[in-house]
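Enquirer: Pasting work.csv below, which is CSV, C-alpha atoms.
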chain,number,residue,atom,x,y,z
M,1,MET,CA,-62.2,-26.8,-48.1
M,2,THR,CA,-66.0,-26.3,-48.2
M,3,THR,CA,-67.7,-23.4,-46.5
M,4,ARG,CA,-69.4,-25.7,-44.0
M,5,ARG,CA,-66.1,-27.2,-42.9
M,6,LEU,CA,-64.5,-23.8,-42.5
M,7,LEU,CA,-67.5,-22.8,-40.3
M,8,PHE,CA,-67.0,-25.9,-38.2
M,9,CYS,CA,-63.5,-24.7,-37.5
M,10,GLY,CA,-65.0,-21.8,-35.6
M,11,ALA,CA,-67.5,-24.0,-33.8
M,12,ALA,CA,-64.5,-26.1,-32.6
M,13,GLY,CA,-61.8,-23.5,-32.2
M,14,ALA,CA,-63.6,-21.0,-30.0
M,15,PRO,CA,-64.9,-23.4,-27.3
M,16,LEU,CA,-61.6,-25.3,-27.4
M,17,PHE,CA,-59.8,-22.2,-26.3
M,18,VAL,CA,-62.2,-21.5,-23.5
M,19,ILE,CA,-62.3,-25.1,-22.2
M,20,VAL,CA,-58.6,-25.5,-22.1
M,21,LEU,CA,-58.2,-22.0,-20.4
M,22,LEU,CA,-60.7,-22.8,-17.7
M,23,VAL,CA,-59.7,-26.4,-17.0
M,24,GLU,CA,-55.9,-25.6,-17.0
M,25,GLY,CA,-56.6,-22.6,-14.8
M,26,ALA,CA,-58.5,-24.7,-12.3
M,27,LEU,CA,-56.0,-27.5,-12.2
M,28,ARG,CA,-52.6,-25.8,-12.5
M,29,PRO,CA,-50.6,-25.9,-9.2
M,30,GLY,CA,-49.7,-22.5,-7.9
M,31,TYR,CA,-52.0,-20.7,-10.4
M,32,ASP,CA,-55.0,-18.6,-9.3
M,33,PRO,CA,-57.6,-18.2,-12.1
M,34,PHE,CA,-59.2,-15.3,-10.2
M,35,TYR,CA,-55.9,-13.4,-10.1
M,36,HIS,CA,-53.6,-14.6,-12.9
M,37,SER,CA,-54.2,-13.9,-16.6
M,38,GLY,CA,-54.8,-16.7,-19.1
M,39,SER,CA,-51.5,-16.0,-20.8
M,40,GLN,CA,-49.6,-16.9,-17.7
M,41,LEU,CA,-50.7,-20.5,-18.3
M,42,SER,CA,-48.1,-20.5,-21.1
M,43,LEU,CA,-45.4,-20.4,-18.4
M,44,GLY,CA,-44.0,-23.3,-16.3
M,45,GLU,CA,-43.6,-27.0,-17.1
M,46,ARG,CA,-47.1,-27.3,-18.4
M,47,GLY,CA,-46.9,-24.1,-20.4
M,48,TRP,CA,-46.8,-26.0,-23.7
M,49,ILE,CA,-50.5,-26.8,-23.2
M,50,GLN,CA,-51.7,-23.2,-23.3
M,51,ILE,CA,-49.2,-22.4,-26.0
M,52,ALA,CA,-50.7,-25.2,-28.1
M,53,ASN,CA,-54.1,-23.9,-27.2
M,54,PHE,CA,-53.3,-20.4,-28.5
M,55,VAL,CA,-51.9,-21.7,-31.8
M,56,VAL,CA,-54.4,-24.4,-32.6
M,57,SER,CA,-57.4,-22.3,-31.6
M,58,GLY,CA,-55.9,-19.4,-33.6
M,59,LEU,CA,-55.5,-21.5,-36.7
M,60,LEU,CA,-59.1,-22.8,-36.4
M,61,ILE,CA,-60.5,-19.3,-36.0
M,62,THR,CA,-58.5,-18.0,-38.9
M,63,ALA,CA,-60.0,-20.8,-41.1
M,64,PHE,CA,-63.4,-19.8,-39.7
M,65,ALA,CA,-62.9,-16.3,-40.9
M,66,ALA,CA,-62.7,-17.7,-44.5
M,67,GLY,CA,-65.9,-19.5,-43.9
M,68,VAL,CA,-67.5,-16.2,-42.6
M,69,ARG,CA,-66.4,-14.5,-45.8
M,70,ARG,CA,-68.1,-17.1,-48.0
M,71,SER,CA,-71.2,-17.4,-45.9
M,72,LEU,CA,-71.9,-13.8,-45.2
M,73,ALA,CA,-70.2,-12.4,-48.3
M,74,SER,CA,-68.6,-9.8,-46.0
M,75,TRP,CA,-64.9,-8.9,-45.8
M,76,TRP,CA,-65.9,-6.5,-42.9
M,77,ALA,CA,-66.9,-9.5,-40.8
M,78,ALA,CA,-64.2,-11.9,-42.0
M,79,VAL,CA,-61.1,-9.7,-41.6
M,80,PRO,CA,-61.4,-8.9,-37.9
M,81,ILE,CA,-62.2,-12.5,-37.1
M,82,GLY,CA,-59.1,-13.4,-39.1
M,83,LEU,CA,-57.1,-10.9,-37.0
M,84,ILE,CA,-58.4,-12.6,-33.9
M,85,GLY,CA,-57.0,-15.9,-35.1
M,86,ALA,CA,-53.7,-14.4,-36.1
M,87,GLY,CA,-53.4,-12.6,-32.8
M,88,LEU,CA,-54.0,-15.8,-30.9
M,89,ILE,CA,-51.2,-17.5,-32.8
M,90,GLY,CA,-48.9,-14.6,-32.1
M,91,ALA,CA,-49.8,-14.7,-28.4
M,92,GLY,CA,-48.9,-18.4,-28.3
M,93,VAL,CA,-45.6,-17.9,-30.1
M,94,PHE,CA,-44.5,-15.0,-27.9
M,95,VAL,CA,-45.0,-15.8,-24.2
M,96,MET,CA,-45.3,-13.2,-21.5
M,97,ASP,CA,-42.8,-12.7,-18.7
M,98,PRO,CA,-43.1,-14.5,-15.3
M,99,MET,CA,-44.7,-12.2,-12.8
M,100,GLN,CA,-47.3,-12.0,-10.0
M,101,GLY,CA,-45.6,-15.0,-8.3
M,102,TYR,CA,-46.3,-17.3,-11.2
M,103,PRO,CA,-44.7,-19.7,-11.9
M,104,PRO,CA,-43.6,-20.2,-8.3
M,105,GLY,CA,-40.5,-18.1,-7.7
M,106,ALA,CA,-41.4,-15.4,-10.2
M,107,PRO,CA,-41.4,-11.7,-9.0
M,108,GLU,CA,-44.4,-10.6,-7.1
M,109,GLY,CA,-46.7,-7.9,-8.6
M,110,VAL,CA,-46.9,-6.7,-12.2
M,111,VAL,CA,-43.7,-6.1,-14.2
M,112,LEU,CA,-44.4,-3.1,-16.4
M,113,THR,CA,-41.1,-3.1,-18.3
M,114,GLY,CA,-40.9,-6.5,-19.9
M,115,SER,CA,-38.7,-8.4,-22.4
M,116,TRP,CA,-39.1,-8.1,-26.2
M,117,HIS,CA,-41.2,-11.3,-26.3
M,118,HIS,CA,-43.5,-10.0,-23.6
M,119,THR,CA,-44.0,-6.8,-25.6
M,120,ALA,CA,-44.6,-8.9,-28.7
M,121,HIS,CA,-47.2,-11.0,-26.8
M,122,ASP,CA,-49.0,-7.8,-25.7
M,123,LEU,CA,-49.0,-6.5,-29.3
M,124,ALA,CA,-50.4,-9.8,-30.6
M,125,SER,CA,-53.2,-9.6,-28.1
M,126,LEU,CA,-54.4,-6.2,-29.4
M,127,PRO,CA,-56.1,-7.5,-32.6
M,128,VAL,CA,-57.8,-10.2,-30.6
M,129,PHE,CA,-59.6,-7.9,-28.2
M,130,PHE,CA,-60.1,-5.0,-30.7
M,131,GLY,CA,-61.1,-7.4,-33.5
M,132,LEU,CA,-64.0,-8.8,-31.5
M,133,PRO,CA,-66.1,-5.7,-31.3
M,134,VAL,CA,-65.4,-4.8,-34.9
M,135,ALA,CA,-66.5,-8.2,-36.0
M,136,CYS,CA,-69.6,-7.9,-33.9
M,137,VAL,CA,-70.6,-4.6,-35.5
M,138,ALA,CA,-70.0,-6.0,-39.0
M,139,VAL,CA,-72.2,-9.0,-38.3
M,140,ALA,CA,-74.9,-6.8,-36.7
M,141,ILE,CA,-75.0,-4.8,-39.9
M,142,ARG,CA,-75.1,-7.9,-42.1
M,143,LEU,CA,-77.7,-10.0,-40.0
M,144,LYS,CA,-81.1,-9.0,-38.7
M,145,GLY,CA,-83.4,-9.8,-35.9
M,146,TRP,CA,-82.1,-11.3,-32.6
M,147,TRP,CA,-78.6,-11.6,-34.1
M,148,ARG,CA,-78.4,-7.8,-34.7
M,149,LEU,CA,-79.2,-7.1,-31.0
M,150,TYR,CA,-77.0,-9.8,-29.6
M,151,SER,CA,-74.0,-8.8,-31.7
M,152,ALA,CA,-74.4,-5.1,-30.8
M,153,VAL,CA,-74.6,-6.0,-27.1
M,154,THR,CA,-71.5,-8.2,-27.3
M,155,ALA,CA,-69.6,-5.4,-29.1
M,156,VAL,CA,-70.4,-2.9,-26.3
M,157,ALA,CA,-69.6,-5.5,-23.6
M,158,THR,CA,-66.2,-6.3,-25.0
M,159,LEU,CA,-65.4,-2.7,-25.5
M,160,VAL,CA,-66.2,-2.0,-21.9
M,161,LEU,CA,-64.6,-5.1,-20.4
M,162,PHE,CA,-61.2,-4.8,-22.2
M,163,PRO,CA,-60.1,-1.5,-20.6
M,164,VAL,CA,-61.6,-2.6,-17.2
M,165,TYR,CA,-59.5,-5.7,-17.3
M,166,GLY,CA,-56.5,-3.8,-18.5
M,167,GLN,CA,-56.7,-1.4,-15.6
M,168,ALA,CA,-57.2,-4.2,-13.1
M,169,PHE,CA,-54.1,-6.0,-14.4
M,170,THR,CA,-52.0,-2.9,-14.2
M,171,ASP,CA,-53.3,-2.3,-10.7
M,172,ASP,CA,-52.4,-5.9,-9.8
M,173,ALA,CA,-56.0,-6.3,-8.7
M,174,ALA,CA,-57.0,-9.6,-7.0
M,175,ASN,CA,-59.9,-10.1,-9.5
M,176,ALA,CA,-58.0,-9.3,-12.7
M,177,GLY,CA,-58.0,-12.9,-13.9
M,178,LEU,CA,-61.7,-13.2,-13.3
M,179,LEU,CA,-62.4,-10.1,-15.3
M,180,GLN,CA,-60.3,-11.4,-18.2
M,181,ARG,CA,-62.2,-14.7,-18.2
M,182,VAL,CA,-65.6,-12.8,-18.3
M,183,LEU,CA,-64.3,-10.9,-21.3
M,184,ILE,CA,-63.0,-14.0,-23.1
M,185,VAL,CA,-66.1,-16.1,-22.4
M,186,THR,CA,-68.3,-13.2,-23.6
M,187,GLY,CA,-66.5,-12.9,-26.9
M,188,TRP,CA,-65.8,-16.5,-27.6
M,189,THR,CA,-69.4,-17.5,-26.9
M,190,TRP,CA,-70.4,-15.1,-29.6
M,191,LEU,CA,-67.9,-16.6,-32.0
M,192,THR,CA,-69.2,-20.1,-31.2
M,193,LEU,CA,-72.8,-19.2,-31.6
M,194,LEU,CA,-72.1,-17.3,-34.9
M,195,ALA,CA,-70.4,-20.4,-36.3
M,196,VAL,CA,-73.4,-22.6,-35.3
M,197,HIS,CA,-75.8,-20.1,-36.8
M,198,LEU,CA,-74.0,-19.9,-40.1
M,199,ILE,CA,-73.7,-23.7,-40.3
M,200,ARG,CA,-77.4,-23.9,-40.0
M,201,ARG,CA,-77.8,-21.4,-42.7
M,202,GLU,CA,-75.6,-23.4,-45.0
M,203,ASP,CA,-77.6,-26.6,-44.2
M,204,THR,CA,-80.9,-24.8,-45.1
M,205,ALA,CA,-79.4,-23.4,-48.3
M,206,ASP,CA,-78.1,-26.8,-49.3
M,207,GLN,CA,-81.6,-28.2,-49.0
M,208,ALA,CA,-82.8,-25.5,-51.4
M,209,GLY,CA,-80.7,-26.9,-54.1
M,210,PRO,CA,-80.0,-24.6,-57.1
M,211,PHE,CA,-81.7,-21.7,-55.3
M,212,SER,CA,-79.3,-21.7,-52.4
M,213,ASP,CA,-77.4,-18.6,-53.5
M,214,LEU,CA,-80.6,-16.7,-53.9
M,215,ILE,CA,-81.7,-17.7,-50.4
M,216,ARG,CA,-78.4,-16.6,-48.8
M,217,ARG,CA,-78.8,-13.1,-50.4
M,218,ARG,CA,-82.5,-12.5,-49.8
M,219,ARG,CA,-83.6,-14.6,-46.8
M,220,PRO,CA,-84.4,-12.3,-43.8
M,221,GLU,CA,-82.6,-13.1,-40.6
M,222,ARG,CA,-84.7,-13.9,-37.5
M,223,ALA,CA,-83.8,-14.4,-33.9
Just dump the structure as structure tokens.

Expert:
Amino acid sequence: MTTRRLLFCGAAGAPLFVIVLLVEGALRPGYDPFYHSGSQLSLGERGWIQIANFVVSGLLITAFAAGVRRSLASWWAAVPIGLIGAGLIGAGVFVMDPMQGYPPGAPEGVVLTGSWHHTAHDLASLPVFFGLPVACVAVAIRLKGWWRLYSAVTAVATLVLFPVYGQAFTDDAANAGLLQRVLIVTGWTWLTLLAVHLIRREDTADQAGPFSDLIRRRRPERA
């Protein structure tokens, strides 16, 4: 697969995940997107939609990681993005336990001692939310100009939002779902824009013909 096609996987996979998450959260009966986590959409009769969203988006982002490796010539940027994709696949394969009254009839509140697949789901989620700031830092080092600042700000934002959301979920806070969505939209917007940016770089390099590799290595990055 060409580098450009791999990068397009990121331009498709990241927004796909967010769109399905937001639309399903708004339309799912008995589900409160301000309170419930995105992973709870994997439960119930329509749970297969979010499970498929996890797996398909994860596969696309994993392919995107290969494109990042080729485009930026950086394993430090590609590996954490690959871990994000793998974590999404794992989070789809292993669903969390019913809780917080969803699906209807589930126990109220947060169940802290869960089943083995709930534990596996939580473990699969860790590389997703820790991989994001690591990838941002790696890209901030590799790129220059506006992208350096944007990546650094996104790294800080995700590092702050993740524990804030985690505490809100543990406390069964009414706004836990909203906090998670802010975290996800922040990180996945960065992934989408990175994919678009790198696709444009590839297009510019292709127009340069035999000097494309030289341009990729020496061209300064601008906002």

Enquirer: Return as JSON lines the residues of segment 50-141 of chain M lying at most 9 Å from segment 165-171 of chain M, together with the closest atom-to-atom pair for each and the distance in Å to one decimal, counting only C-alpha atoms, with rows in chain order and ascending residue number.

Expert:
{"residue": "M:Gly109", "atom": "CA", "partner": "M:Asp171", "partner_atom": "CA", "distance": 8.9}
{"residue": "M:Val110", "atom": "CA", "partner": "M:Thr170", "partner_atom": "CA", "distance": 6.7}
{"residue": "M:Val111", "atom": "CA", "partner": "M:Thr170", "partner_atom": "CA", "distance": 8.9}
{"residue": "M:Leu112", "atom": "CA", "partner": "M:Thr170", "partner_atom": "CA", "distance": 7.9}

Enquirer: Could you save those same residues with C-alpha atoms as a compact mmCIF listing (two decimals), in the coordinates of the input?

Expert:
# COMPACT_ATOMS: atom_id res chain seq x y z
CA GLY M 109 -46.70 -7.90 -8.60
CA VAL M 110 -46.90 -6.70 -12.20
CA VAL M 111 -43.70 -6.10 -14.20
CA LEU M 112 -44.40 -3.10 -16.40

Enquirer: Return the single residue from M:Met99, M:Val128, M:Val23, M:Leu194 that is closest to Arg148 of chain M, with distances computed using only C-alpha atoms.

Expert: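 Once distances to Arg148 of chain M are computed over only C-alpha atoms, the minimum belongs to M:Leu194.
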
Enquirer: Which distance in Å separates atom CA of Phe17 of chain M and atom CA of Ser57 of chain M, to one decimal?

Expert: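 Calculated distance between atom CA of Phe17 of chain M and atom CA of Ser57 of chain M is 5.8 Å.
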
Enquirer: With a distance cut-off of 12 Å and only C-alpha atoms, select the neighbouring residues of Ser125 of chain M, excluding the residue or stretch itself and same-chain residues fewer than 6 positions from it, and output the selection as a PyMOL selection string.

Expert: chain M and resi 38-39+54+58+83-96+118-119+131-132+162+166+184

Enquirer: Have a look at M:Val56, M:Leu21, M:Ala26, M:Leu191 and name the one nearest to Ala78 of chain M; count only C-alpha atoms.

Expert: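 Of M:Val56, M:Leu21, M:Ala26, M:Leu191, the one nearest Ala78 of chain M, counting only C-alpha atoms, is M:Leu191.
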
Enquirer: Need the shell around Leu183 of chain M: protein/DNA/RNA residues with any atom at most 8 Å away, counting all atoms listed in the file. Skip same-chain ones fewer than 4 positions apart. Format as a list of chain:residue names?

Expert: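 Those residues are M:Ala157, M:Thr158, M:Leu161, M:Phe162, M:Leu179, M:Gly187.
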
Enquirer: Hey, can you check how far atom CA of Tyr102 of chain M sits from atom CA of Val185 of chain M?

Expert: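 The value is 22.8 Å.
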
Enquirer: Given the choices M:Gly25, M:Gly177, M:Pro15, M:Gly10, which gets closest to Val68 of chain M if the distance is worked out from only C-alpha atoms?

Expert: M:Gly10

Enquirer: At what distance in Å, to one decimal, does atom CA of Asp122 of chain M lie from atom CA of Trp75 of chain M?

Expert: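 So the two atoms, atom CA of Trp75 of chain M and atom CA of Asp122 of chain M, lie 25.7 Å apart.
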
Enquirer: Can you work out which one of M:Gly67, M:Gly145, M:Pro33, M:Pro133 has the shortest atom-to-atom distance to Thr186 of chain M, counting only C-alpha atoms?

Expert: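 Closest candidate: M:Pro133.
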